Amino acid sequence: MEIETVLDQLLEAGVSVWLDADGKLRIDKDAPAEIKDLVRQHKQELVEFRRAYALIECSGVRMIRLPLGELALAFPPRANLDEIRWAAGVLRLESMPLVIDDEGLGWISYDEWRRRQPLWTAEDRERYRRERAAEADEQEKLKRRRKTA
């Protein structure tokens, strides 16, 4: 039986399966006995499916449309490509090309951007003043040379 069929039957029955913190497959307590048997029979496939799905979600992979209209899996620059290939294989998305997503995953507000900016310390401000004073001295020297020439 295909994993899609198992997932469809779980959906029709309104039963959830998930991985707990230890990586064990869990099922709703009030699930019918035949659904519990179905889950037991396909336990390994369901565990792999849930792990692959969690990996895709957590690693920042998303589907994008390429300029020619084809769909692709876009992954962030520092993602583990081997894990993403494994997850795409389990989820049957291996036919989609993998592309680097260097555009980022979304917009951030101005406040968030300001919080991410490095803070200026007193040492930074003093270095800035010295650099500006040195530049002003250079400009002054150039002006004097032009007047004497």
# chains A, B, ... in the order shown; residues from 1 in each chain; ligands from 1
>>> select_by_dssp(residues="chain A", states="strand (DSSP E or B)", output="PyMOL selection string")
chain A and resi 17-19+25-27+62-65+71-75+98-100
>>> write_last_selection(atoms="N, CA, C and O atoms", output="PDB file, in the first residue's frame")
ATOM      1  N   VAL A  17      -1.287  11.413  13.462  1.00  0.00           N
ATOM      2  CA  VAL A  17      -0.075  10.716  13.887  1.00  0.00           C
ATOM      3  C   VAL A  17       1.044  11.751  13.900  1.00  0.00           C
ATOM      4  O   VAL A  17       1.073  12.660  13.078  1.00  0.00           O
ATOM      5  N   TRP A  18       1.955  11.637  14.846  1.00  0.00           N
ATOM      6  CA  TRP A  18       3.046  12.590  14.980  1.00  0.00           C
ATOM      7  C   TRP A  18       4.227  11.912  15.642  1.00  0.00           C
ATOM      8  O   TRP A  18       4.106  10.814  16.195  1.00  0.00           O
ATOM      9  N   LEU A  19       5.365  12.569  15.569  1.00  0.00           N
ATOM     10  CA  LEU A  19       6.566  12.100  16.250  1.00  0.00           C
ATOM     11  C   LEU A  19       6.703  12.870  17.551  1.00  0.00           C
ATOM     12  O   LEU A  19       6.602  14.095  17.567  1.00  0.00           O
ATOM     13  N   LEU A  25       6.695   7.308  16.998  1.00  0.00           N
ATOM     14  CA  LEU A  25       5.438   7.615  16.335  1.00  0.00           C
ATOM     15  C   LEU A  25       4.297   7.501  17.336  1.00  0.00           C
ATOM     16  O   LEU A  25       4.179   6.510  18.052  1.00  0.00           O
ATOM     17  N   ARG A  26       3.470   8.531  17.390  1.00  0.00           N
ATOM     18  CA  ARG A  26       2.313   8.550  18.291  1.00  0.00           C
ATOM     19  C   ARG A  26       1.047   8.682  17.467  1.00  0.00           C
ATOM     20  O   ARG A  26       1.060   9.239  16.375  1.00  0.00           O
ATOM     21  N   ILE A  27      -0.057   8.173  18.018  1.00  0.00           N
ATOM     22  CA  ILE A  27      -1.354   8.218  17.355  1.00  0.00           C
ATOM     23  C   ILE A  27      -2.392   8.658  18.376  1.00  0.00           C
ATOM     24  O   ILE A  27      -2.219   8.441  19.587  1.00  0.00           O
ATOM     25  N   ARG A  62      11.520  25.752   0.681  1.00  0.00           N
ATOM     26  CA  ARG A  62      10.206  26.149   0.184  1.00  0.00           C
ATOM     27  C   ARG A  62      10.134  25.896  -1.310  1.00  0.00           C
ATOM     28  O   ARG A  62      11.161  25.742  -1.972  1.00  0.00           O
ATOM     29  N   MET A  63       8.929  25.839  -1.814  1.00  0.00           N
ATOM     30  CA  MET A  63       8.721  25.640  -3.248  1.00  0.00           C
ATOM     31  C   MET A  63       8.585  27.005  -3.908  1.00  0.00           C
ATOM     32  O   MET A  63       7.852  27.854  -3.413  1.00  0.00           O
ATOM     33  N   ILE A  64       9.304  27.179  -5.005  1.00  0.00           N
ATOM     34  CA  ILE A  64       9.205  28.428  -5.756  1.00  0.00           C
ATOM     35  C   ILE A  64       8.950  28.099  -7.221  1.00  0.00           C
ATOM     36  O   ILE A  64       9.205  26.987  -7.675  1.00  0.00           O
ATOM     37  N   ARG A  65       8.466  29.074  -7.944  1.00  0.00           N
ATOM     38  CA  ARG A  65       8.253  28.909  -9.382  1.00  0.00           C
ATOM     39  C   ARG A  65       9.418  29.572 -10.106  1.00  0.00           C
ATOM     40  O   ARG A  65       9.722  30.745  -9.883  1.00  0.00           O
ATOM     41  N   LEU A  71       8.315  24.320 -11.145  1.00  0.00           N
ATOM     42  CA  LEU A  71       8.473  24.420  -9.701  1.00  0.00           C
ATOM     43  C   LEU A  71       9.824  23.855  -9.281  1.00  0.00           C
ATOM     44  O   LEU A  71      10.330  22.908  -9.899  1.00  0.00           O
ATOM     45  N   ALA A  72      10.391  24.425  -8.220  1.00  0.00           N
ATOM     46  CA  ALA A  72      11.679  23.964  -7.706  1.00  0.00           C
ATOM     47  C   ALA A  72      11.661  24.057  -6.187  1.00  0.00           C
ATOM     48  O   ALA A  72      10.869  24.800  -5.603  1.00  0.00           O
ATOM     49  N   LEU A  73      12.542  23.284  -5.560  1.00  0.00           N
ATOM     50  CA  LEU A  73      12.729  23.367  -4.115  1.00  0.00           C
ATOM     51  C   LEU A  73      13.872  24.336  -3.849  1.00  0.00           C
ATOM     52  O   LEU A  73      14.996  24.124  -4.316  1.00  0.00           O
ATOM     53  N   ALA A  74      13.593  25.387  -3.125  1.00  0.00           N
ATOM     54  CA  ALA A  74      14.605  26.394  -2.811  1.00  0.00           C
ATOM     55  C   ALA A  74      15.053  26.185  -1.380  1.00  0.00           C
ATOM     56  O   ALA A  74      14.241  26.084  -0.471  1.00  0.00           O
ATOM     57  N   PHE A  75      16.362  26.089  -1.182  1.00  0.00           N
ATOM     58  CA  PHE A  75      16.893  25.870   0.153  1.00  0.00           C
ATOM     59  C   PHE A  75      17.821  27.011   0.527  1.00  0.00           C
ATOM     60  O   PHE A  75      18.449  27.622  -0.336  1.00  0.00           O
ATOM     61  N   LEU A  98      16.719  21.410  -7.274  1.00  0.00           N
ATOM     62  CA  LEU A  98      17.091  22.121  -6.049  1.00  0.00           C
ATOM     63  C   LEU A  98      17.828  23.391  -6.432  1.00  0.00           C
ATOM     64  O   LEU A  98      18.769  23.356  -7.221  1.00  0.00           O
ATOM     65  N   VAL A  99      17.400  24.509  -5.876  1.00  0.00           N
ATOM     66  CA  VAL A  99      18.049  25.788  -6.146  1.00  0.00           C
ATOM     67  C   VAL A  99      18.337  26.484  -4.824  1.00  0.00           C
ATOM     68  O   VAL A  99      17.657  26.256  -3.829  1.00  0.00           O
ATOM     69  N   ILE A 100      19.350  27.315  -4.826  1.00  0.00           N
ATOM     70  CA  ILE A 100      19.698  28.072  -3.615  1.00  0.00           C
ATOM     71  C   ILE A 100      18.755  29.260  -3.500  1.00  0.00           C
ATOM     72  O   ILE A 100      18.554  30.009  -4.454  1.00  0.00           O
TER      73      ILE A 100
END
>>> residues_around(residues="Ile35 of chain A", least_positions_apart="3", cutoff="8 Å", atoms="only C-alpha atoms", output="ChimeraX atom specification")
/A:9-10,13,31-32,38-39
>>> select_by_dssp(residues="segment 59-148 of chain A", states="alpha helix (DSSP H)", output="number ranges by chain")
A: 81-90, 110-116, 122-148
>>> residues_around(residues="Pro76 of chain A", least_positions_apart="5", cutoff="7 Å", atoms="only C-alpha atoms", output="ChimeraX atom specification")
/A:60-61,100-102
>>> write_last_selection(atoms="C-alpha atoms", output="PDB file, in the first residue's frame")
ATOM      1  CA  GLY A  60      13.635  26.606   5.535  1.00  0.00           C
ATOM      2  CA  VAL A  61      13.043  24.771   2.260  1.00  0.00           C
ATOM      3  CA  ILE A 100      19.698  28.072  -3.615  1.00  0.00           C
ATOM      4  CA  ASP A 101      17.266  30.524  -2.065  1.00  0.00           C
ATOM      5  CA  ASP A 102      19.371  33.634  -1.583  1.00  0.00           C
TER       6      ASP A 102
END
>>> atom_distance(atom1="atom CA of His42 of chain A", atom2="atom CA of Asp22 of chain A")
18.9 Å
>>> residues_around(residues="Ala52 of chain A", least_positions_apart="5", cutoff="9 Å", atoms="only C-alpha atoms", output="ChimeraX atom specification")
/A:47,57,83-84,86-91
>>> closest_residue(among="A:Lys29, A:Arg85, A:Arg130, A:Arg92", to="Phe49 of chain A", atoms="only C-alpha atoms")
A:Arg92
